[in-house]
>>> print(open('model24.txt').read())   # compact mmCIF, C-alpha atoms
# COMPACT_ATOMS: atom_id res chain seq x y z
CA MET D 5 44.04 -33.10 1.58
CA LEU D 6 40.37 -32.12 1.59
CA ARG D 7 40.99 -29.86 4.57
CA MET D 8 43.79 -28.11 2.72
CA ILE D 9 41.56 -27.54 -0.32
CA ILE D 10 38.78 -26.11 1.85
CA SER D 11 41.25 -23.82 3.63
CA LEU D 12 42.61 -22.62 0.29
CA LEU D 13 39.12 -21.90 -1.03
CA LEU D 14 38.26 -19.97 2.12
CA LEU D 15 41.47 -17.95 1.79
CA LEU D 16 40.76 -17.15 -1.86
CA SER D 17 37.21 -16.14 -0.97
CA PHE D 18 38.47 -13.85 1.80
CA LEU D 19 41.04 -12.25 -0.50
CA SER D 20 38.38 -11.71 -3.18
CA LEU D 21 36.01 -10.07 -0.69
CA SER D 22 38.83 -7.89 0.63
CA ALA D 23 39.74 -6.79 -2.88
CA CYS D 24 36.10 -5.93 -3.61
CA ALA D 25 35.87 -3.92 -0.39
CA VAL D 26 39.00 -1.95 -1.29
CA GLN D 27 37.64 -1.34 -4.77
CA ARG D 28 34.33 -0.06 -3.37
CA GLN D 29 36.17 2.26 -0.98
CA GLU D 30 38.26 3.69 -3.82
CA GLN D 31 35.14 4.08 -5.96
CA THR D 32 33.32 5.90 -3.16
CA ARG D 33 36.29 8.23 -2.68
CA ASP D 34 36.27 9.07 -6.40
CA VAL D 35 32.53 9.78 -6.36
CA SER D 36 32.93 11.86 -3.21
CA ALA D 37 35.67 13.93 -4.83
CA ALA D 38 33.52 14.51 -7.92
CA LEU D 39 30.52 15.48 -5.79
CA THR D 40 32.58 17.97 -3.79
CA ALA D 41 34.06 19.44 -6.99
CA HIS D 42 30.65 19.98 -8.60
CA TYR D 43 28.60 20.80 -5.50
CA PRO D 44 30.92 22.10 -2.75
CA GLN D 45 27.95 23.56 -0.84
CA ILE D 46 26.29 20.17 -0.29
CA LYS D 47 26.84 18.37 3.01
CA TYR D 48 26.16 14.67 2.87
CA GLN D 49 26.13 11.64 5.16
CA GLN D 50 26.61 8.70 2.78
CA ILE D 51 27.29 7.81 -0.84
CA ASN D 52 26.04 4.45 -2.10
CA PRO D 53 25.82 2.76 -5.52
CA THR D 54 22.43 2.14 -7.12
CA PRO D 55 21.29 -0.57 -9.56
CA VAL D 56 21.66 2.00 -12.35
CA THR D 57 25.18 2.03 -13.72
CA GLY D 58 26.91 5.35 -13.14
CA VAL D 59 24.21 6.72 -10.81
CA TYR D 60 24.92 7.05 -7.07
CA GLU D 61 22.65 7.61 -4.12
CA VAL D 62 23.64 10.56 -1.94
CA ILE D 63 22.10 10.92 1.51
CA VAL D 64 22.33 14.62 2.28
CA GLU D 65 22.53 16.25 5.69
CA ASN D 66 18.77 16.41 6.32
CA GLY D 67 18.35 12.72 5.51
CA GLU D 68 16.87 13.22 2.05
CA ILE D 69 18.06 11.17 -0.92
CA VAL D 70 19.36 12.70 -4.16
CA TYR D 71 21.09 11.04 -7.10
CA PHE D 72 24.45 12.00 -8.60
CA VAL D 73 26.13 11.10 -11.89
CA PRO D 74 29.87 11.71 -11.38
CA ALA D 75 30.72 11.17 -15.05
CA THR D 76 28.72 14.24 -16.08
CA GLY D 77 28.26 16.13 -12.81
CA HIS D 78 24.48 15.97 -13.03
CA MET D 79 22.32 15.68 -9.93
CA PHE D 80 18.62 14.88 -9.83
CA PHE D 81 15.83 14.47 -7.31
CA GLY D 82 13.04 11.94 -7.57
CA GLU D 83 12.36 8.24 -7.19
CA LEU D 84 13.95 5.14 -8.68
CA TRP D 85 11.51 2.41 -9.68
CA THR D 86 12.02 -1.11 -10.99
CA ASP D 87 10.06 -2.64 -13.84
CA ASP D 88 8.14 -4.75 -11.32
CA ALA D 89 6.83 -1.59 -9.59
CA ARG D 90 9.22 -1.48 -6.61
CA ASN D 91 9.95 2.03 -5.39
CA LEU D 92 13.64 1.72 -4.50
CA THR D 93 13.83 5.26 -3.13
CA ARG D 94 10.97 4.66 -0.72
CA GLU D 95 12.50 1.35 0.38
CA ARG D 96 15.82 3.04 1.09
CA LYS D 97 14.19 5.86 3.04
CA SER D 98 12.26 3.32 5.10
CA TYR D 99 15.47 1.39 5.81
CA LEU D 100 17.31 4.55 6.85
CA MET D 101 14.42 5.69 9.05
CA SER D 102 14.18 2.26 10.71
CA ASP D 103 17.74 2.73 11.92
CA LYS D 104 16.71 5.97 13.69
CA LEU D 105 14.45 4.22 16.19
CA LYS D 106 17.36 4.38 18.64
CA TYR D 107 16.91 8.16 18.91
CA PHE D 108 13.52 7.86 20.63
CA PRO D 109 13.64 7.89 24.45
CA LEU D 110 10.62 5.70 25.10
CA ASP D 111 10.37 6.83 28.72
CA GLN D 112 9.44 10.30 27.40
CA ALA D 113 6.55 9.03 25.26
CA ILE D 114 2.87 8.54 26.02
CA LYS D 115 2.59 4.81 26.65
CA ILE D 116 -0.65 3.13 25.60
CA GLY D 117 -1.37 -0.58 25.93
CA ASN D 118 0.72 -3.53 27.00
CA GLY D 119 0.77 -5.92 24.05
CA PRO D 120 3.70 -7.88 22.57
CA ASN D 121 4.09 -5.69 19.45
CA GLN D 122 6.00 -2.44 19.90
CA VAL D 123 4.67 0.56 18.00
CA VAL D 124 6.49 3.89 18.18
CA GLU D 125 4.53 6.66 16.52
CA VAL D 126 5.02 10.33 15.72
CA THR D 127 1.68 12.00 15.27
CA ASP D 128 -0.23 15.29 15.01
CA PRO D 129 -3.49 15.74 16.98
CA ASP D 130 -5.29 17.38 14.04
CA CYS D 131 -3.88 15.29 11.19
CA PRO D 132 -6.74 13.18 9.72
CA PHE D 133 -4.42 10.30 8.78
CA CYS D 134 -3.00 10.35 12.31
CA ARG D 135 -6.51 10.00 13.67
CA HIS D 136 -7.31 7.11 11.32
CA SER D 137 -4.13 5.41 12.51
CA SER D 138 -5.08 6.03 16.13
CA GLU D 139 -8.45 4.35 15.53
CA PHE D 140 -6.68 1.37 13.95
CA PHE D 141 -4.35 0.78 16.89
CA ALA D 142 -6.97 1.60 19.52
CA GLY D 143 -8.92 -1.45 18.42
CA ARG D 144 -6.07 -3.85 19.18
CA ASP D 145 -4.89 -5.43 22.41
CA ASP D 146 -1.65 -6.85 20.96
CA VAL D 147 0.34 -3.59 20.86
CA THR D 148 2.30 -1.38 23.20
CA ARG D 149 2.31 2.12 21.75
CA TYR D 150 4.85 4.86 22.45
CA VAL D 151 3.41 8.12 21.16
CA PHE D 152 5.41 11.26 20.38
CA LEU D 153 3.54 14.40 19.38
CA PHE D 154 4.72 16.55 16.49
CA PRO D 155 2.08 19.12 15.48
CA LEU D 156 2.53 20.67 12.04
CA ASP D 157 1.74 24.28 12.87
CA GLN D 158 1.33 25.59 9.32
CA LEU D 159 -1.22 22.92 8.43
CA HIS D 160 -2.97 22.62 11.79
CA PRO D 161 -2.74 25.85 13.80
CA GLN D 162 -4.65 24.44 16.81
CA ALA D 163 -2.66 21.21 17.02
CA ALA D 164 0.22 22.53 19.12
CA ASN D 165 -2.06 23.65 21.93
CA LYS D 166 -3.84 20.31 21.87
CA ALA D 167 -0.46 18.55 22.05
CA ARG D 168 0.56 20.66 25.04
CA TYR D 169 -2.73 19.82 26.76
CA ILE D 170 -2.19 16.07 26.22
CA LEU D 171 1.40 16.07 27.44
CA SER D 172 0.63 18.25 30.47
CA ALA D 173 -2.40 16.25 31.57
CA LYS D 174 -2.45 14.19 34.76
CA ASP D 175 -3.52 11.24 32.58
CA PRO D 176 -1.88 11.80 29.16
CA GLU D 177 -3.37 8.60 27.72
CA LEU D 178 -6.91 9.72 28.50
CA ALA D 179 -6.22 13.24 27.21
CA TYR D 180 -4.76 11.74 24.02
CA GLU D 181 -7.90 9.67 23.45
CA GLU D 182 -10.15 12.69 24.06
CA VAL D 183 -8.28 14.95 21.66
CA PHE D 184 -7.90 12.35 18.92
CA SER D 185 -11.61 11.53 19.14
CA GLY D 186 -12.35 15.13 18.16
CA MET D 187 -13.78 16.10 21.54
CA TYR D 188 -12.08 19.51 21.48
CA ASP D 189 -12.46 20.34 17.80
CA GLU D 190 -15.54 22.50 18.44
CA GLN D 191 -15.05 23.43 22.09
CA PRO D 192 -12.14 24.94 24.05
CA LEU D 193 -9.60 22.82 25.87
CA PRO D 194 -9.86 22.58 29.65
CA PRO D 195 -7.48 24.88 31.55
CA PHE D 196 -3.98 23.43 31.95
CA THR D 197 -0.41 24.39 32.83
CA ASP D 198 2.10 23.65 30.07
CA ASN D 199 4.92 21.41 31.33
CA GLY D 200 7.17 22.03 28.31
CA GLN D 201 7.16 18.38 27.20
CA LEU D 202 6.14 19.28 23.65
CA ASP D 203 9.47 21.05 23.14
CA LEU D 204 11.26 17.76 23.86
CA HIS D 205 9.04 15.80 21.47
CA ARG D 206 9.69 18.34 18.73
CA LYS D 207 13.46 18.18 19.26
CA ILE D 208 13.36 14.40 18.95
CA ALA D 209 11.30 14.52 15.74
CA ASN D 210 13.61 17.15 14.24
CA LYS D 211 16.67 15.09 15.13
CA VAL D 212 15.20 12.07 13.36
CA GLY D 213 14.43 14.23 10.31
CA ILE D 214 10.64 13.99 10.37
CA ASN D 215 8.77 16.53 8.25
CA GLY D 216 5.37 14.86 7.96
CA THR D 217 2.96 12.78 10.02
CA PRO D 218 2.09 10.11 10.88
CA GLN D 219 5.29 8.06 11.12
CA PHE D 220 5.55 4.61 12.70
CA TRP D 221 8.14 2.09 13.78
CA ILE D 222 6.36 -1.26 14.11
CA ASN D 223 8.56 -3.89 15.72
CA GLY D 224 11.54 -1.85 14.56
CA GLN D 225 10.48 -1.31 10.94
CA HIS D 226 9.53 2.14 9.70
CA VAL D 227 6.21 2.87 8.01
CA SER D 228 5.31 6.29 6.64
CA GLY D 229 1.67 7.35 6.64
CA PHE D 230 -1.59 5.56 7.32
CA ASN D 231 -1.08 2.13 5.77
CA PRO D 232 -3.31 -0.45 7.51
CA GLN D 233 -2.28 -3.27 5.18
CA GLN D 234 1.39 -2.78 6.03
CA PHE D 235 0.49 -2.38 9.71
CA GLU D 236 -1.24 -5.78 9.66
CA THR D 237 1.70 -7.42 7.91
CA LEU D 238 4.26 -6.18 10.44
CA LEU D 239 2.05 -6.91 13.46
CA ASN D 240 1.43 -10.47 12.31
CA LYS D 241 5.09 -11.33 11.74
>>> encode(input="model24.txt", output="C-alpha cells")
Amino acid sequence: MLRMIISLLLLLSFLSLSACAVQRQEQTRDVSAALTAHYPQIKYQQINPTPVTGVYEVIVENGEIVYFVPATGHMFFGELWTDDARNLTRERKSYLMSDKLKYFPLDQAIKIGNGPNQVVEVTDPDCPFCRHSSEFFAGRDDVTRYVFLFPLDQLHPQAANKARYILSAKDPELAYEEVFSGMYDEQPLPPFTDNGQLDLHRKIANKVGINGTPQFWINGQHVSGFNPQQFETLLNK
C-alpha cells in the first residue's frame, strides 16, 4: 500500500512539473512574439523570466542583457538589484560567461605554472588592471594559467605590438613576464617576426563576446576585472 502511495505521489509530482514546463514554454513563446512585434530588428539568444513580475531578461545576439516588458512593449537597459545589494544582472552575466569557457582552445594559450587551480585569462599587455592581476597570480604556485591576449587598440595603441612580440617569442612565458613588468614601456621591443597568433586570440575573444579586460575563468567560474578577494575565494574552494 505504501509503495502505491509513493508511486502515486511521484506520478503527480511528474505531471505537475510537466505542466509547469509546458506553461513556461507557452509563456516564452508569447513573450517572444511580443518582442518580435515591437522590436523586429533585434536578434536574441534567450528569453528568461526575472524576479520582477512582468519583466523578462533578453539575451541579445552580442551576449548583452536587456529587459523587456511585453505588456507595454517597453525595453530598458541597466542592472537589476535586490534589497540586500545583490546585482542580479552581474550574476547572470557571470553565469553566462562561465558557460563560454568551452570556446577557449587551451593548447593555443600561453601556459604558465603547473598548479591544481585552472585559471584562463584574457588580458591586455598595457591594461593596468591586467598587470595587477598578473602580479597577483605570479606570486602563487597553486595555479596553472592559460593566457589569451586581447589588446584594446583604442585605449592602448602600443599593446597590439607587445602582444605580437609575446606570442611570437621563442619563450612566450618569459616574453609575457618581461612585457607585463613594464620592461618595454620606455624602450623599443626587440626585433621579432610576427607569427600571426594574435589574430587567433582576437577571434576567440570576439567569439566569446569580450569587450573589456581583464577577464578570468577560475576553476570554471567567470570573474570580470581585477578582484583579488573573489580570486582568493575561488582558488581556496
>>> closest_residue(input="model24.txt", among="D:Arg206, D:Ser138, D:Met187, D:Glu182", to="D:Ala164", atoms="all atoms listed in the file")
D:Arg206
>>> closest_residue(input="model24.txt", among="D:Ser185, D:Asn215, D:Ser137, D:Thr40", to="D:Asn231", atoms="only C-alpha atoms")
D:Ser137
>>> atom_distance(input="model24.txt", atom1="atom CA of D:Ala37", atom2="atom CA of D:Pro55")
21.0 Å
>>> closest_residue(input="model24.txt", among="D:Cys131, D:Ile51, D:Val35, D:Leu178", to="D:Asp157", atoms="only C-alpha atoms")
D:Cys131
>>> atom_distance(input="model24.txt", atom1="atom CA of D:Val59", atom2="atom CA of D:Phe72")
5.7 Å
>>> closest_residue(input="model24.txt", among="D:Leu204, D:Val212, D:Ala163, D:Leu238", to="D:Asp111", atoms="all atoms listed in the file")
D:Leu204
>>> closest_residue(input="model24.txt", among="D:Lys106, D:Arg135, D:His226, D:Arg149", to="D:Gln122", atoms="all atoms listed in the file")
D:Arg149
>>> axis_aligned_box(input="model24.txt", around="stretch 109-121 of chain D", padding_each_side="8 Å", output="AutoDock Vina command-line options")
--center_x 6.1 --center_y 1.2 --center_z 24.1 --size_x 31.0 --size_y 34.2 --size_z 25.3
>>> atom_distance(input="model24.txt", atom1="atom CA of D:Gln225", atom2="atom CA of D:Glu65")
21.9 Å
>>> closest_residue(input="model24.txt", among="D:Phe184, D:Leu193, D:Tyr99, D:Glu61", to="D:Phe81", atoms="all atoms listed in the file")
D:Glu61
>>> residues_near_point(input="model24.txt", point="(-7.5, 16.6, 15.0)", cutoff="12 Å", atoms="only C-alpha atoms", output="PyMOL selection string")
chain D and resi 127-138+155-156+159-167+180-190
>>> residues_around(input="model24.txt", residues="D:Gln219", least_positions_apart="4", cutoff="6 Å", atoms="all atoms listed in the file", output="MDAnalysis selection string")
chainID D and resid 125:126 228:229
>>> residues_around(input="model24.txt", residues="D:Ile46", least_positions_apart="2", cutoff="12 Å", atoms="all atoms listed in the file", output="ChimeraX atom specification")
/D:36,38-44,48-50,62-66,68,70,72,79
>>> residues_around(input="model24.txt", residues="D:Gly82", least_positions_apart="6", cutoff="9 Å", atoms="only C-alpha atoms", output="list of chain:residue names")
D:Ile69, D:Val70, D:Tyr71, D:Thr93
>>> write_last_selection(input="model24.txt", atoms="C-alpha atoms", output="mmCIF file, in the frame of the given file")
data_model
loop_
_atom_site.group_PDB
_atom_site.id
_atom_site.type_symbol
_atom_site.label_atom_id
_atom_site.label_comp_id
_atom_site.auth_asym_id
_atom_site.auth_seq_id
_atom_site.Cartn_x
_atom_site.Cartn_y
_atom_site.Cartn_z
ATOM 1 C CA ILE D 69 18.060 11.170 -0.920
ATOM 2 C CA VAL D 70 19.360 12.700 -4.160
ATOM 3 C CA TYR D 71 21.090 11.040 -7.100
ATOM 4 C CA THR D 93 13.830 5.260 -3.130
#
>>> residues_around(input="model24.txt", residues="D:Trp221", least_positions_apart="6", cutoff="8 Å", atoms="all atoms listed in the file", output="VMD selection string")
chain D and resid 102 105 122 to 125 227
>>> write_last_selection(input="model24.txt", atoms="C-alpha atoms", output="PDB file, in the frame of the given file")
ATOM      1  CA  SER D 102      14.180   2.260  10.710  1.00  0.00           C
ATOM      2  CA  LEU D 105      14.450   4.220  16.190  1.00  0.00           C
ATOM      3  CA  GLN D 122       6.000  -2.440  19.900  1.00  0.00           C
ATOM      4  CA  VAL D 123       4.670   0.560  18.000  1.00  0.00           C
ATOM      5  CA  VAL D 124       6.490   3.890  18.180  1.00  0.00           C
ATOM      6  CA  GLU D 125       4.530   6.660  16.520  1.00  0.00           C
ATOM      7  CA  VAL D 227       6.210   2.870   8.010  1.00  0.00           C
TER       8      VAL D 227
END
